[in-house]
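Colleague: Below you will find the structure I want to go over with you.
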Amino acid sequence: GENVEQHPSTLSVQEGDSAVIKCTYSDSASNYFPWYKQELGKRPQLIIDIRSNVGEKKDQRIAVTLNKTAKHFSLHITETQPEDSAVYFCAAAIPWYSSASKIIFGSGTRLSIRP
Amino acid sequence: DTAVSQTPKYLVTQMGNDKSIKCEQNLGHDTMYWYKQDSKKFLKIMFSYNNKELIINETVPNRFSPKSPDKAHLNLHINSLELGDSAVYFCASSLDRGPGELFFGEGSRLTVL
């Protein structure tokens, strides 16, 4: 089945700097890669996702890149702000028509923004 | 209006007891899930239902039994609770089998003493 590894587990950056979180996946059939943000005591919420037919997607200060050959994908947050402090999860999923279709999460990265 | 709602938010109970968590979504989605988040924040899928049909059943002890009376509701019943069952249980829904965006409930924090 799919396995998703995420690094680093904790990340501290100065406000205004950039943060990068990296993930790798194991199943080449995976075609959907979402990123979720979970603030302390809250539910995980989708912040951006990418499908395997594109290599990069951007939404304001957040961008995700995907390298299908290497089975890597990354989250980039620019001009970080205090409200970016949270746990971020990457995930990968196989198409629904596969009997193994499900969204598998990485282990999370706790991002802290230093003032 | 809350899109995905779970009750109760907090559950504190003794080992050996039986407890249930209820989940409802008003998004008109076809697929619902239970995820378990342990103390290290790992989010692990447990079950998924699509239009009341069980489509994902991970390696979960059979003390855990999900039930979907209709596509808007997914409940989780846990028998003979153990200390290791302590976690936050998240219900989620998605438009269809997807994969696509998961809409999570607020979570139910279960503490087994």
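Residue numbers start at 1 in each chain; chains themselves are named A, B, ... in the order of the structure tokens; ligands are numbered from 1 in the order shown.
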List the spatial neighbours of Pro8 (chain A) as a PyMOL selection string - criterion: any atom at most 12 Å away, only C-alpha atoms, same-chain residues fewer than 3 positions off excluded.
Modeller: chain A and resi 5+11-12+19-24+74-75+87-90+106-111
Colleague: I need the contact residues of chain B against chain A, so if you could list those with any atom within 6 Å, counting only C-alpha atoms, and return them as an mmCIF file with all heavy atoms, in the first residue's frame, that would help.
Modeller:
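Below is the file out.cif, written as the result:
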```
data_model
loop_
_atom_site.group_PDB
_atom_site.id
_atom_site.type_symbol
_atom_site.label_atom_id
_atom_site.label_comp_id
_atom_site.auth_asym_id
_atom_site.auth_seq_id
_atom_site.Cartn_x
_atom_site.Cartn_y
_atom_site.Cartn_z
ATOM 1 N N PHE B 42 -0.239 11.569 14.422
ATOM 2 C CA PHE B 42 -0.419 10.762 13.210
ATOM 3 C C PHE B 42 -1.900 10.659 12.896
ATOM 4 O O PHE B 42 -2.714 10.336 13.755
ATOM 5 C CB PHE B 42 0.143 9.356 13.392
ATOM 6 C CG PHE B 42 1.639 9.307 13.476
ATOM 7 C CD1 PHE B 42 2.268 8.761 14.582
ATOM 8 C CD2 PHE B 42 2.431 9.795 12.453
ATOM 9 C CE1 PHE B 42 3.642 8.714 14.664
ATOM 10 C CE2 PHE B 42 3.811 9.754 12.528
ATOM 11 C CZ PHE B 42 4.419 9.208 13.641
ATOM 12 N N ARG B 97 -16.029 9.188 -4.121
ATOM 13 C CA ARG B 97 -14.894 8.327 -3.762
ATOM 14 C C ARG B 97 -13.579 8.992 -4.115
ATOM 15 O O ARG B 97 -12.521 8.562 -3.663
ATOM 16 C CB ARG B 97 -15.037 6.985 -4.484
ATOM 17 C CG ARG B 97 -16.260 6.219 -4.046
ATOM 18 C CD ARG B 97 -16.410 4.933 -4.796
ATOM 19 N NE ARG B 97 -15.400 3.964 -4.388
ATOM 20 C CZ ARG B 97 -15.610 2.652 -4.388
ATOM 21 N NH1 ARG B 97 -16.779 2.169 -4.754
ATOM 22 N NH2 ARG B 97 -14.662 1.827 -4.041
ATOM 23 N N GLY B 98 -13.651 10.027 -4.970
ATOM 24 C CA GLY B 98 -12.517 10.906 -5.241
ATOM 25 C C GLY B 98 -11.365 10.254 -5.932
ATOM 26 O O GLY B 98 -11.540 9.494 -6.875
ATOM 27 N N GLU B 106 -14.927 18.460 13.902
ATOM 28 C CA GLU B 106 -14.072 19.089 14.912
ATOM 29 C C GLU B 106 -13.286 18.080 15.737
ATOM 30 O O GLU B 106 -12.403 18.454 16.489
ATOM 31 C CB GLU B 106 -14.925 19.942 15.844
ATOM 32 C CG GLU B 106 -15.489 21.180 15.168
ATOM 33 C CD GLU B 106 -16.204 22.088 16.157
ATOM 34 O OE1 GLU B 106 -16.841 21.570 17.099
ATOM 35 O OE2 GLU B 106 -16.120 23.303 15.990
#
```
Colleague: Identify, on the basis of only C-alpha atoms, every residue whose closest approach to Thr80 (chain A) does not exceed 6 Å; exclude the query and any residue fewer than 2 positions from it along the same chain; express the result as a JSON list (two decimals) with all heavy atoms, in the first residue's frame.
Modeller:
```json
[["chain", "number", "residue", "atom", "x", "y", "z"],
["A", 15, "GLU", "N", 9.85, 35.13, 11.07],
["A", 15, "GLU", "CA", 8.74, 35.77, 10.36],
["A", 15, "GLU", "C", 9.27, 36.49, 9.14],
["A", 15, "GLU", "O", 10.28, 37.20, 9.19],
["A", 15, "GLU", "CB", 8.03, 36.75, 11.30],
["A", 15, "GLU", "CG", 6.81, 37.41, 10.70],
["A", 15, "GLU", "CD", 6.11, 38.35, 11.67],
["A", 15, "GLU", "OE1", 6.43, 38.32, 12.87],
["A", 15, "GLU", "OE2", 5.24, 39.11, 11.22],
["A", 16, "GLY", "N", 8.58, 36.27, 8.01],
["A", 16, "GLY", "CA", 9.01, 36.89, 6.76],
["A", 16, "GLY", "C", 9.86, 36.00, 5.89],
["A", 16, "GLY", "O", 9.96, 36.22, 4.69],
["A", 17, "ASP", "N", 10.48, 34.98, 6.51],
["A", 17, "ASP", "CA", 11.28, 34.04, 5.73],
["A", 17, "ASP", "C", 10.38, 32.98, 5.09],
["A", 17, "ASP", "O", 9.17, 32.94, 5.34],
["A", 17, "ASP", "CB", 12.33, 33.36, 6.62],
["A", 17, "ASP", "CG", 13.47, 34.30, 6.99],
["A", 17, "ASP", "OD1", 13.52, 35.42, 6.43],
["A", 17, "ASP", "OD2", 14.29, 33.93, 7.84],
["A", 78, "THR", "N", 5.92, 31.30, 1.44],
["A", 78, "THR", "CA", 6.78, 32.49, 1.40],
["A", 78, "THR", "C", 6.23, 33.56, 2.34],
["A", 78, "THR", "O", 5.05, 33.53, 2.72],
["A", 78, "THR", "CB", 6.87, 33.06, -0.02],
["A", 78, "THR", "OG1", 5.54, 33.37, -0.47],
["A", 78, "THR", "CG2", 7.50, 32.06, -0.98]]
```
Colleague: What does the distance from CA of Ile56 (chain B) to CA of Leu95 (chain B) come to in Å, to one decimal?
Modeller: 15.9 Å
Colleague: Which residues, written as a PyMOL selection string, have at least one atom at most 9 Å from region 26-32 of chain B, with only C-alpha atoms counted and residues fewer than 6 positions away on the same chain left out?
Modeller: chain B and resi 1-5+47-52+68+71-74+91-98+102
Colleague: With C-alpha atoms retained, write the just-selected residues as a short mmCIF file (atom, residue, chain, number, x, y, z; two decimals), in the first residue's frame.
Modeller:
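Once written, selection.cif looks like this:
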```cif
data_model
loop_
_atom_site.label_atom_id
_atom_site.label_comp_id
_atom_site.auth_asym_id
_atom_site.auth_seq_id
_atom_site.Cartn_x
_atom_site.Cartn_y
_atom_site.Cartn_z
CA ASP B 1 -24.37 25.70 9.73
CA THR B 2 -21.64 23.21 10.60
CA ALA B 3 -20.71 21.10 7.55
CA VAL B 4 -19.45 18.02 9.42
CA SER B 5 -20.48 17.70 13.04
CA PHE B 47 -12.96 3.23 7.79
CA SER B 48 -14.71 4.71 4.80
CA TYR B 49 -18.29 4.41 3.56
CA ASN B 50 -19.63 5.38 0.17
CA ASN B 51 -23.42 5.66 -0.01
CA LYS B 52 -23.75 3.46 3.09
CA SER B 68 -23.82 4.21 8.32
CA LYS B 71 -25.11 8.63 3.49
CA ALA B 72 -25.27 11.69 5.76
CA HIS B 73 -24.43 9.79 8.94
CA LEU B 74 -21.52 7.65 10.05
CA CYS B 91 -15.01 12.14 11.03
CA ALA B 92 -14.63 13.46 7.48
CA SER B 93 -16.59 13.54 4.25
CA SER B 94 -15.77 13.98 0.58
CA LEU B 95 -17.91 14.64 -2.45
CA ASP B 96 -17.42 11.15 -3.84
CA ARG B 97 -14.89 8.33 -3.76
CA GLY B 98 -12.52 10.91 -5.24
CA LEU B 102 -11.72 15.90 2.90
#
```
Colleague: Using DSSP on the backbone coordinates, identify the residues of chain B assigned to strand (DSSP E); present them as an NGL selection string.
Modeller: :B and (4-7 or 10-13 or 19-25 or 31-37 or 43-50 or 53-57 or 64-70 or 73-78 or 87-94 or 103-104 or 108-112)
Colleague: If you count only C-alpha atoms, which residues fall within 8 Å of Gln37 (chain B), apart from same-chain ones fewer than 3 positions away, as a list in words?
Modeller: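 Returned residues: Lys40, Lys41, Phe42, Leu43, Lys44, Ala87, Val88, Tyr89 and Phe90 of chain B.
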Colleague: Can you pull out the residues contacting region 83-85 of chain A? Cut-off 9 Å, using only C-alpha atoms, and skip same-chain residues under 4 positions away; I want them as number ranges by chain.
Modeller: A: 37, 39, 77, 110-113
Colleague: Output N, CA and C atoms of each residue in that selection to a file, as a PDB file, in the first residue's frame.
Modeller:
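Okay, part-v5.pdb is ready:
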```pdb
ATOM      1  N   LYS A  37      -3.599  21.862   6.823  1.00  0.00           N
ATOM      2  CA  LYS A  37      -3.070  22.646   7.936  1.00  0.00           C
ATOM      3  C   LYS A  37      -3.945  22.378   9.151  1.00  0.00           C
ATOM      4  N   GLU A  39      -4.361  23.771  12.952  1.00  0.00           N
ATOM      5  CA  GLU A  39      -4.008  24.655  14.058  1.00  0.00           C
ATOM      6  C   GLU A  39      -4.305  23.939  15.369  1.00  0.00           C
ATOM      7  N   ILE A  77       6.046  27.914   1.590  1.00  0.00           N
ATOM      8  CA  ILE A  77       5.305  29.063   2.124  1.00  0.00           C
ATOM      9  C   ILE A  77       6.267  30.239   2.141  1.00  0.00           C
ATOM     10  N   ARG A 110       5.510  20.322  12.400  1.00  0.00           N
ATOM     11  CA  ARG A 110       5.089  21.427  13.276  1.00  0.00           C
ATOM     12  C   ARG A 110       5.899  22.652  12.892  1.00  0.00           C
ATOM     13  N   LEU A 111       5.239  23.637  12.291  1.00  0.00           N
ATOM     14  CA  LEU A 111       5.888  24.870  11.844  1.00  0.00           C
ATOM     15  C   LEU A 111       5.661  25.964  12.876  1.00  0.00           C
ATOM     16  N   SER A 112       6.762  26.560  13.325  1.00  0.00           N
ATOM     17  CA  SER A 112       6.683  27.692  14.266  1.00  0.00           C
ATOM     18  C   SER A 112       7.299  28.903  13.593  1.00  0.00           C
ATOM     19  N   ILE A 113       6.605  30.028  13.688  1.00  0.00           N
ATOM     20  CA  ILE A 113       7.104  31.270  13.109  1.00  0.00           C
ATOM     21  C   ILE A 113       7.600  32.167  14.245  1.00  0.00           C
TER      22      ILE A 113
END
```
